[in-house]
Structures are given as structure tokens and as C-alpha cells.
Amino acid sequence: MTVTPPTHTHFDFSTLAAADRYKLLSGVVVPRPIAWVGTLGADGSVNLAPYSFFGLMGSDPAVVAFAPGDRADGTPKDTALNIGSGGEFTVNLVSADLAPLMNATATDFPHGMGEARALGVPLAPGVSVRVPRVAASPASLECREVQTVQLGRTRVILGEVLGLHLREDALQDAARHHVHTAALDLVGRMGGRGTYTYTRETFHLDRMSYSEWQAQQEEGTR
């Protein structure tokens with residue numbers, strides 16, 4: 001297999017404004033899974049907000065990370081404030097049918113106004129955490145904050161996953177812990193504001209062992 005290197009343009013991030021770095025990075029680091037994060041306010045209200053700067057960081061222990069940005073005035077958003085005081089949160093994965101509702105929760109509601117109640121999002125109680133999950137989400141993670149890393153205006157919250165709620169039709173083999181991932185019908189972020197993608201079309205590539213690679217090379221020289 002021969003690959004011809006394309007022509008590239010280099011961007012020096014030390015000379016760019018934060019908004020320009022965001023446009024470049026959000027355009028190339030795609031697709032990004034969406035963490036629809038639920039937290040509890042001091043008054044017991046449920047805050048619900050989506051974040052696409054999110055990913056799975058490990059499984060032993062199970063760790064997820066997401067980065068809630070600040071408000072325009074530089075103050076932390078409710079998600080970060082609530083986790084900072086309580087430590088618990090849920091990450092609800094977003095299926096295609098829930099995308100419009102998820103997008104509605106991205107509205108910049110006033111501080112302390114619970115999106116779940118304002119928008120009528122059905123909730124279900126947590127098992128390992130006090131924070132409820134989105135009842136209609138095909139998969140929800142119950143998490144506890146273990147560390148928050150602050151680098152300038154970037155805040156990264158690391159959470160240990162304490163439990164998983166998985167919709168039954170997406171459980172392929174419960175005994176072997178196999179997930180029917182396609183059944184989740186999740187969506188991801190593409191680029192900046194307003195652009196999403198489906199995960200319905202997939203392809204499969206088997207990972208090759210070194211001995212298999214050697215055999216393939218030898219076959220190619222014959």
C-alpha cells in the first residue's frame with residue numbers, strides 16, 4: 001500500500017487567538033462523542049448540559065474526561081460549579097432521536113435554572129450517585145469527580161465511572177458484556193456549532209498481529 005503525502009499548512013498556536021484555535025481544532029478532531037452531563041445544584045435542581053470536548057480515558061479504573069467551558073463573562077458554568085461542590089455527575093449518551101432535546105439544553109439559561117425541569121426532560125434516579133440520569137438516554141454513566149485540571153481557561157474534569165445504565169436492546173450478550181453499539185444510534189459533533197453526524201454507517205478492520213504482518217510482507221515479495 002503506497003500513500004502519497006499531501007500538502008499541509010502549518011498553524012502556530014502560540015500566535016493565534018483562542019477563538020481561532022477552537023475553530024481549527026473543532027474542525028479536525030471529529031467526530032466527537034457528546035457528554036450530556038447531569039449535575040445537582042445546591043437547591044436540588046438538575047442541571048443538564050451537553051459537552052463535545054469529551055472522551056473515555058481508561059477502564060482500570062474506568063475514567064471519562066470532559067471540559068466544560070466558562071460563560072462569556074469568564075465565570076464557571078453551572079456544571080463545573082455543581083461538580084465542584086458535590087463531586088457527582090451523570091454522563092448521558094445522545095441518540096439521534098434525542099438530539100433536538102439535547103440541543104435545547106445547550107441554551108444559556110440563567111444561573112441556577114434547571115434545564116431538565118424547564119424543558120420537561122424525563123429523569124430516572126441514580127443508583128451509585130444522587131444525580132439522576134436522562135431516562136430516555138440509551139446509555140448513562142454514573143460518575144464521581146476524582147480530579148479537575150485547570151490550565152488557563154481550560155478546565156478538564158476527570159470522573160471515575162461507578163456504574164452504567166444500558167438500554168436492553170443494546171445489550172448483545174449480557175454474560176459476555178458485549179454491547180450492540182449500532183443499536184445505540186448515537187450522534188457526534190462535527191466542527192463547531194450546529195453540525196452533527198450519525199454513527200449508523202460503520203466499517204470493520206481486523207487488527208493484525210506482527211506475525212501476520214510478516215507473513216503478508218513475505219507473500220508480497222513472492
# chains A, B, ... in the order shown; residues from 1 in each chain; ligands from 1
>>> closest_atom_pairs(of="stretch 133-170 of chain A", to="stretch 89-101 of chain A", cutoff="7 Å", atoms="only C-alpha atoms", output="tab-separated table")
residue	atom	partner	partner_atom	distance
A:Arg133	CA	A:Thr90	CA	6.0
A:Val134	CA	A:Asn92	CA	6.4
A:Ser137	CA	A:Asn92	CA	5.9
A:Pro138	CA	A:Leu93	CA	6.6
A:Ala139	CA	A:Leu93	CA	5.5
A:Ser140	CA	A:Asn92	CA	4.3
A:Leu141	CA	A:Val91	CA	5.0
A:Glu142	CA	A:Thr90	CA	4.7
A:Cys143	CA	A:Phe89	CA	5.3
A:Arg144	CA	A:Phe89	CA	6.3
>>> write_last_selection(atoms="N, CA, C and O atoms", output="PDB file, in the first residue's frame")
ATOM      1  N   ARG A 133     -30.336  10.447  36.011  1.00  0.00           N
ATOM      2  CA  ARG A 133     -29.914  10.327  34.623  1.00  0.00           C
ATOM      3  C   ARG A 133     -31.085  10.669  33.714  1.00  0.00           C
ATOM      4  O   ARG A 133     -32.234  10.728  34.159  1.00  0.00           O
ATOM      5  N   VAL A 134     -30.779  10.876  32.432  1.00  0.00           N
ATOM      6  CA  VAL A 134     -31.829  11.100  31.439  1.00  0.00           C
ATOM      7  C   VAL A 134     -32.461   9.748  31.137  1.00  0.00           C
ATOM      8  O   VAL A 134     -31.796   8.845  30.626  1.00  0.00           O
ATOM      9  N   SER A 137     -32.115   8.249  27.600  1.00  0.00           N
ATOM     10  CA  SER A 137     -30.781   8.030  27.029  1.00  0.00           C
ATOM     11  C   SER A 137     -30.514   6.540  26.890  1.00  0.00           C
ATOM     12  O   SER A 137     -30.799   5.767  27.812  1.00  0.00           O
ATOM     13  N   PRO A 138     -29.944   6.090  25.767  1.00  0.00           N
ATOM     14  CA  PRO A 138     -29.670   4.656  25.598  1.00  0.00           C
ATOM     15  C   PRO A 138     -28.572   4.140  26.511  1.00  0.00           C
ATOM     16  O   PRO A 138     -28.488   2.940  26.766  1.00  0.00           O
ATOM     17  N   ALA A 139     -27.728   5.040  27.004  1.00  0.00           N
ATOM     18  CA  ALA A 139     -26.653   4.644  27.909  1.00  0.00           C
ATOM     19  C   ALA A 139     -26.284   5.832  28.785  1.00  0.00           C
ATOM     20  O   ALA A 139     -26.114   6.946  28.285  1.00  0.00           O
ATOM     21  N   SER A 140     -26.176   5.589  30.071  1.00  0.00           N
ATOM     22  CA  SER A 140     -25.820   6.650  31.015  1.00  0.00           C
ATOM     23  C   SER A 140     -24.744   6.147  31.958  1.00  0.00           C
ATOM     24  O   SER A 140     -24.811   5.016  32.454  1.00  0.00           O
ATOM     25  N   LEU A 141     -23.768   6.993  32.233  1.00  0.00           N
ATOM     26  CA  LEU A 141     -22.676   6.671  33.138  1.00  0.00           C
ATOM     27  C   LEU A 141     -22.857   7.435  34.441  1.00  0.00           C
ATOM     28  O   LEU A 141     -23.100   8.646  34.430  1.00  0.00           O
ATOM     29  N   GLU A 142     -22.748   6.735  35.552  1.00  0.00           N
ATOM     30  CA  GLU A 142     -22.764   7.388  36.855  1.00  0.00           C
ATOM     31  C   GLU A 142     -21.315   7.630  37.271  1.00  0.00           C
ATOM     32  O   GLU A 142     -20.520   6.681  37.317  1.00  0.00           O
ATOM     33  N   CYS A 143     -20.990   8.877  37.562  1.00  0.00           N
ATOM     34  CA  CYS A 143     -19.588   9.251  37.757  1.00  0.00           C
ATOM     35  C   CYS A 143     -19.361  10.048  39.039  1.00  0.00           C
ATOM     36  O   CYS A 143     -20.256  10.728  39.532  1.00  0.00           O
ATOM     37  N   ARG A 144     -18.127   9.966  39.514  1.00  0.00           N
ATOM     38  CA  ARG A 144     -17.674  10.756  40.650  1.00  0.00           C
ATOM     39  C   ARG A 144     -16.380  11.456  40.255  1.00  0.00           C
ATOM     40  O   ARG A 144     -15.444  10.826  39.753  1.00  0.00           O
TER      41      ARG A 144
END
>>> closest_atom_pairs(of="stretch 146-200 of chain A", to="stretch 10-27 of chain A", cutoff="10 Å", atoms="only C-alpha atoms", output="JSON lines")
{"residue": "A:Arg153", "atom": "CA", "partner": "A:Ala18", "partner_atom": "CA", "distance": 9.8}
{"residue": "A:Arg189", "atom": "CA", "partner": "A:Ser26", "partner_atom": "CA", "distance": 8.6}
{"residue": "A:Met190", "atom": "CA", "partner": "A:Gly27", "partner_atom": "CA", "distance": 6.7}
{"residue": "A:Gly191", "atom": "CA", "partner": "A:Gly27", "partner_atom": "CA", "distance": 4.0}
{"residue": "A:Gly192", "atom": "CA", "partner": "A:Ser26", "partner_atom": "CA", "distance": 5.7}
{"residue": "A:Arg193", "atom": "CA", "partner": "A:Ser26", "partner_atom": "CA", "distance": 9.3}
>>> closest_residue(among="A:Glu88, A:Glu160, A:Glu219, A:Asp43", to="A:Pro132", atoms="only C-alpha atoms")
A:Glu88
>>> atom_distance(atom1="atom CA of A:Ala135", atom2="atom CA of A:Pro122")
5.7 Å
>>> select_by_dssp(residues="stretch 15-205 of chain A", states="alpha helix (DSSP H)", output="count of residues only")
35
>>> atom_distance(atom1="atom CA of A:Glu115", atom2="atom CA of A:Gln150")
25.8 Å
>>> residues_around(residues="A:Asp70", least_positions_apart="2", cutoff="10 Å", atoms="only C-alpha atoms", output="compact mmCIF listing (two decimals) with all heavy atoms, in the first residue's frame")
# COMPACT_ATOMS: atom_id res chain seq x y z
N ALA A 67 -14.60 18.72 29.24
CA ALA A 67 -14.12 20.07 29.51
C ALA A 67 -15.25 21.08 29.39
O ALA A 67 -15.60 21.50 28.28
CB ALA A 67 -12.98 20.43 28.55
N PRO A 68 -15.85 21.45 30.53
CA PRO A 68 -16.88 22.49 30.49
C PRO A 68 -16.25 23.88 30.42
O PRO A 68 -15.47 24.25 31.30
CB PRO A 68 -17.64 22.27 31.80
CG PRO A 68 -16.63 21.70 32.73
CD PRO A 68 -15.67 20.89 31.88
N ALA A 72 -19.52 33.57 29.05
CA ALA A 72 -18.88 34.67 28.31
C ALA A 72 -18.18 35.65 29.24
O ALA A 72 -17.17 36.27 28.86
CB ALA A 72 -19.92 35.39 27.47
N ASP A 73 -18.68 35.80 30.48
CA ASP A 73 -18.06 36.74 31.41
C ASP A 73 -16.91 36.12 32.18
O ASP A 73 -16.34 36.76 33.08
CB ASP A 73 -19.11 37.29 32.38
CG ASP A 73 -19.74 36.20 33.25
OD1 ASP A 73 -19.33 35.02 33.14
OD2 ASP A 73 -20.64 36.53 34.05
N GLY A 74 -16.55 34.88 31.85
CA GLY A 74 -15.41 34.23 32.48
C GLY A 74 -15.73 33.44 33.72
O GLY A 74 -14.84 32.79 34.29
N THR A 75 -16.99 33.42 34.17
CA THR A 75 -17.37 32.64 35.35
C THR A 75 -17.66 31.19 34.95
O THR A 75 -18.10 30.93 33.83
CB THR A 75 -18.61 33.24 36.03
OG1 THR A 75 -19.70 33.27 35.09
CG2 THR A 75 -18.32 34.66 36.51
N PRO A 76 -17.42 30.25 35.85
CA PRO A 76 -17.68 28.84 35.52
C PRO A 76 -19.16 28.59 35.24
O PRO A 76 -20.03 29.23 35.84
CB PRO A 76 -17.23 28.09 36.78
CG PRO A 76 -16.32 29.03 37.48
CD PRO A 76 -16.84 30.40 37.19
N LYS A 77 -19.44 27.65 34.35
CA LYS A 77 -20.81 27.26 34.09
C LYS A 77 -21.33 26.41 35.26
O LYS A 77 -20.56 25.92 36.09
CB LYS A 77 -20.91 26.48 32.78
CG LYS A 77 -20.62 27.34 31.55
CD LYS A 77 -20.80 26.55 30.26
CE LYS A 77 -20.57 27.43 29.04
NZ LYS A 77 -20.70 26.69 27.77
N ASP A 78 -22.66 26.26 35.32
CA ASP A 78 -23.28 25.55 36.43
C ASP A 78 -22.74 24.14 36.58
O ASP A 78 -22.60 23.63 37.69
CB ASP A 78 -24.80 25.50 36.25
CG ASP A 78 -25.45 26.86 36.47
OD1 ASP A 78 -24.73 27.81 36.85
OD2 ASP A 78 -26.67 26.98 36.25
N THR A 79 -22.45 23.47 35.47
CA THR A 79 -21.93 22.10 35.53
C THR A 79 -20.67 22.02 36.38
O THR A 79 -20.56 21.18 37.28
CB THR A 79 -21.64 21.57 34.12
OG1 THR A 79 -22.85 21.53 33.36
CG2 THR A 79 -21.04 20.16 34.17
N ALA A 80 -19.72 22.91 36.11
CA ALA A 80 -18.46 22.90 36.86
C ALA A 80 -18.69 23.29 38.32
O ALA A 80 -18.09 22.70 39.23
CB ALA A 80 -17.47 23.85 36.21
N ARG A 153 -7.73 28.95 30.88
CA ARG A 153 -9.19 28.96 30.91
C ARG A 153 -9.78 27.61 30.50
O ARG A 153 -10.98 27.50 30.29
CB ARG A 153 -9.72 30.07 29.99
CG ARG A 153 -9.39 31.48 30.47
CD ARG A 153 -10.14 32.52 29.68
NE ARG A 153 -11.58 32.39 29.84
CZ ARG A 153 -12.48 33.14 29.20
NH1 ARG A 153 -12.05 34.08 28.37
NH2 ARG A 153 -13.77 32.96 29.39
N THR A 154 -8.92 26.61 30.39
CA THR A 154 -9.39 25.26 30.07
C THR A 154 -9.50 24.45 31.35
O THR A 154 -8.52 24.30 32.09
CB THR A 154 -8.43 24.56 29.09
OG1 THR A 154 -8.45 25.24 27.84
CG2 THR A 154 -8.85 23.12 28.87
N ARG A 155 -10.68 23.93 31.61
CA ARG A 155 -10.94 23.11 32.80
C ARG A 155 -11.30 21.70 32.34
O ARG A 155 -12.25 21.52 31.59
CB ARG A 155 -12.10 23.70 33.60
CG ARG A 155 -12.49 22.90 34.83
CD ARG A 155 -13.73 23.47 35.50
NE ARG A 155 -13.53 24.82 35.98
CZ ARG A 155 -13.94 25.92 35.34
NH1 ARG A 155 -14.60 25.81 34.19
NH2 ARG A 155 -13.72 27.12 35.82
>>> residues_around(residues="A:Pro33", least_positions_apart="6", cutoff="12 Å", atoms="only C-alpha atoms", output="list of chain:residue names")
A:Pro50, A:Tyr51, A:Ser52, A:Phe53, A:Phe54, A:Gly55, A:Leu56, A:Val64, A:Ala65, A:Phe66, A:Val91, A:Asn92, A:Leu93, A:Val94, A:Ser95, A:Asp185, A:Leu186, A:Val187, A:Gly188, A:Arg189, A:Met190, A:Tyr196, A:Thr197, A:Tyr198, A:Thr199
>>> closest_residue(among="A:Gly112, A:Gly84, A:Pro31, A:Pro6", to="A:Val149", atoms="only C-alpha atoms")
A:Gly84
>>> closest_residue(among="A:Ser128, A:Ile83, A:Leu171, A:Tyr210", to="A:Ile157", atoms="only C-alpha atoms")
A:Ile83
>>> select_by_dssp(residues="stretch 49-120 of chain A", states="strand (DSSP E)", output="PDB file with N, CA, C and O atoms, in the first residue's frame")
ATOM      1  N   ALA A  49     -26.485  19.722  30.610  1.00  0.00           N
ATOM      2  CA  ALA A  49     -25.820  20.461  29.541  1.00  0.00           C
ATOM      3  C   ALA A  49     -24.921  19.540  28.726  1.00  0.00           C
ATOM      4  O   ALA A  49     -24.287  18.638  29.279  1.00  0.00           O
ATOM      5  N   PRO A  50     -24.845  19.757  27.398  1.00  0.00           N
ATOM      6  CA  PRO A  50     -24.018  18.906  26.540  1.00  0.00           C
ATOM      7  C   PRO A  50     -22.609  19.469  26.333  1.00  0.00           C
ATOM      8  O   PRO A  50     -22.426  20.686  26.227  1.00  0.00           O
ATOM      9  N   TYR A  51     -21.646  18.559  26.253  1.00  0.00           N
ATOM     10  CA  TYR A  51     -20.246  18.936  26.012  1.00  0.00           C
ATOM     11  C   TYR A  51     -19.645  17.949  25.018  1.00  0.00           C
ATOM     12  O   TYR A  51     -19.710  16.731  25.221  1.00  0.00           O
ATOM     13  N   PHE A  54     -15.052  15.694  25.062  1.00  0.00           N
ATOM     14  CA  PHE A  54     -15.350  14.577  25.962  1.00  0.00           C
ATOM     15  C   PHE A  54     -14.747  13.296  25.404  1.00  0.00           C
ATOM     16  O   PHE A  54     -14.682  13.094  24.202  1.00  0.00           O
ATOM     17  N   GLY A  55     -14.317  12.420  26.310  1.00  0.00           N
ATOM     18  CA  GLY A  55     -13.799  11.144  25.841  1.00  0.00           C
ATOM     19  C   GLY A  55     -13.596  10.150  26.967  1.00  0.00           C
ATOM     20  O   GLY A  55     -13.602  10.502  28.157  1.00  0.00           O
ATOM     21  N   LEU A  56     -13.419   8.880  26.590  1.00  0.00           N
ATOM     22  CA  LEU A  56     -13.106   7.794  27.513  1.00  0.00           C
ATOM     23  C   LEU A  56     -11.596   7.724  27.655  1.00  0.00           C
ATOM     24  O   LEU A  56     -10.872   7.621  26.665  1.00  0.00           O
ATOM     25  N   MET A  57     -11.110   7.753  28.899  1.00  0.00           N
ATOM     26  CA  MET A  57      -9.669   7.822  29.145  1.00  0.00           C
ATOM     27  C   MET A  57      -9.069   6.516  29.646  1.00  0.00           C
ATOM     28  O   MET A  57      -7.861   6.356  29.642  1.00  0.00           O
ATOM     29  N   GLY A  58      -9.888   5.581  30.101  1.00  0.00           N
ATOM     30  CA  GLY A  58      -9.347   4.318  30.605  1.00  0.00           C
ATOM     31  C   GLY A  58     -10.442   3.438  31.153  1.00  0.00           C
ATOM     32  O   GLY A  58     -11.593   3.859  31.302  1.00  0.00           O
ATOM     33  N   SER A  59     -10.077   2.191  31.500  1.00  0.00           N
ATOM     34  CA  SER A  59     -11.062   1.239  32.015  1.00  0.00           C
ATOM     35  C   SER A  59     -10.642   0.595  33.338  1.00  0.00           C
ATOM     36  O   SER A  59     -11.402  -0.186  33.902  1.00  0.00           O
ATOM     37  N   ALA A  62     -12.263   2.828  35.411  1.00  0.00           N
ATOM     38  CA  ALA A  62     -12.949   3.450  34.281  1.00  0.00           C
ATOM     39  C   ALA A  62     -12.981   4.965  34.500  1.00  0.00           C
ATOM     40  O   ALA A  62     -13.478   5.431  35.528  1.00  0.00           O
ATOM     41  N   VAL A  63     -12.459   5.713  33.536  1.00  0.00           N
ATOM     42  CA  VAL A  63     -12.346   7.164  33.678  1.00  0.00           C
ATOM     43  C   VAL A  63     -12.814   7.854  32.407  1.00  0.00           C
ATOM     44  O   VAL A  63     -12.458   7.449  31.295  1.00  0.00           O
ATOM     45  N   VAL A  64     -13.625   8.880  32.581  1.00  0.00           N
ATOM     46  CA  VAL A  64     -14.011   9.748  31.473  1.00  0.00           C
ATOM     47  C   VAL A  64     -13.519  11.157  31.781  1.00  0.00           C
ATOM     48  O   VAL A  64     -13.257  11.501  32.937  1.00  0.00           O
ATOM     49  N   ALA A  65     -13.384  11.952  30.740  1.00  0.00           N
ATOM     50  CA  ALA A  65     -12.958  13.338  30.905  1.00  0.00           C
ATOM     51  C   ALA A  65     -13.806  14.220  30.006  1.00  0.00           C
ATOM     52  O   ALA A  65     -14.150  13.835  28.886  1.00  0.00           O
ATOM     53  N   PHE A  66     -14.160  15.382  30.504  1.00  0.00           N
ATOM     54  CA  PHE A  66     -14.820  16.371  29.663  1.00  0.00           C
ATOM     55  C   PHE A  66     -14.408  17.760  30.128  1.00  0.00           C
ATOM     56  O   PHE A  66     -13.911  17.934  31.248  1.00  0.00           O
ATOM     57  N   GLU A  88     -20.417  14.597  42.123  1.00  0.00           N
ATOM     58  CA  GLU A  88     -21.095  13.556  41.369  1.00  0.00           C
ATOM     59  C   GLU A  88     -21.737  14.121  40.104  1.00  0.00           C
ATOM     60  O   GLU A  88     -22.168  15.268  40.075  1.00  0.00           O
ATOM     61  N   PHE A  89     -21.802  13.275  39.073  1.00  0.00           N
ATOM     62  CA  PHE A  89     -22.472  13.675  37.842  1.00  0.00           C
ATOM     63  C   PHE A  89     -22.827  12.441  37.029  1.00  0.00           C
ATOM     64  O   PHE A  89     -22.308  11.349  37.265  1.00  0.00           O
ATOM     65  N   THR A  90     -23.722  12.628  36.082  1.00  0.00           N
ATOM     66  CA  THR A  90     -24.045  11.564  35.135  1.00  0.00           C
ATOM     67  C   THR A  90     -23.666  12.027  33.739  1.00  0.00           C
ATOM     68  O   THR A  90     -23.754  13.219  33.420  1.00  0.00           O
ATOM     69  N   VAL A  91     -23.224  11.094  32.928  1.00  0.00           N
ATOM     70  CA  VAL A  91     -22.953  11.363  31.516  1.00  0.00           C
ATOM     71  C   VAL A  91     -23.955  10.539  30.723  1.00  0.00           C
ATOM     72  O   VAL A  91     -23.927   9.298  30.759  1.00  0.00           O
ATOM     73  N   ASN A  92     -24.837  11.218  30.030  1.00  0.00           N
ATOM     74  CA  ASN A  92     -25.879  10.563  29.251  1.00  0.00           C
ATOM     75  C   ASN A  92     -25.512  10.640  27.775  1.00  0.00           C
ATOM     76  O   ASN A  92     -25.267  11.729  27.249  1.00  0.00           O
TER      77      ASN A  92
END
>>> closest_residue(among="A:Thr2, A:Asn103, A:Thr181, A:Gly126", to="A:Glu201", atoms="only C-alpha atoms")
A:Thr181
>>> atom_distance(atom1="atom CA of A:Gly87", atom2="atom CA of A:Val131")
10.0 Å
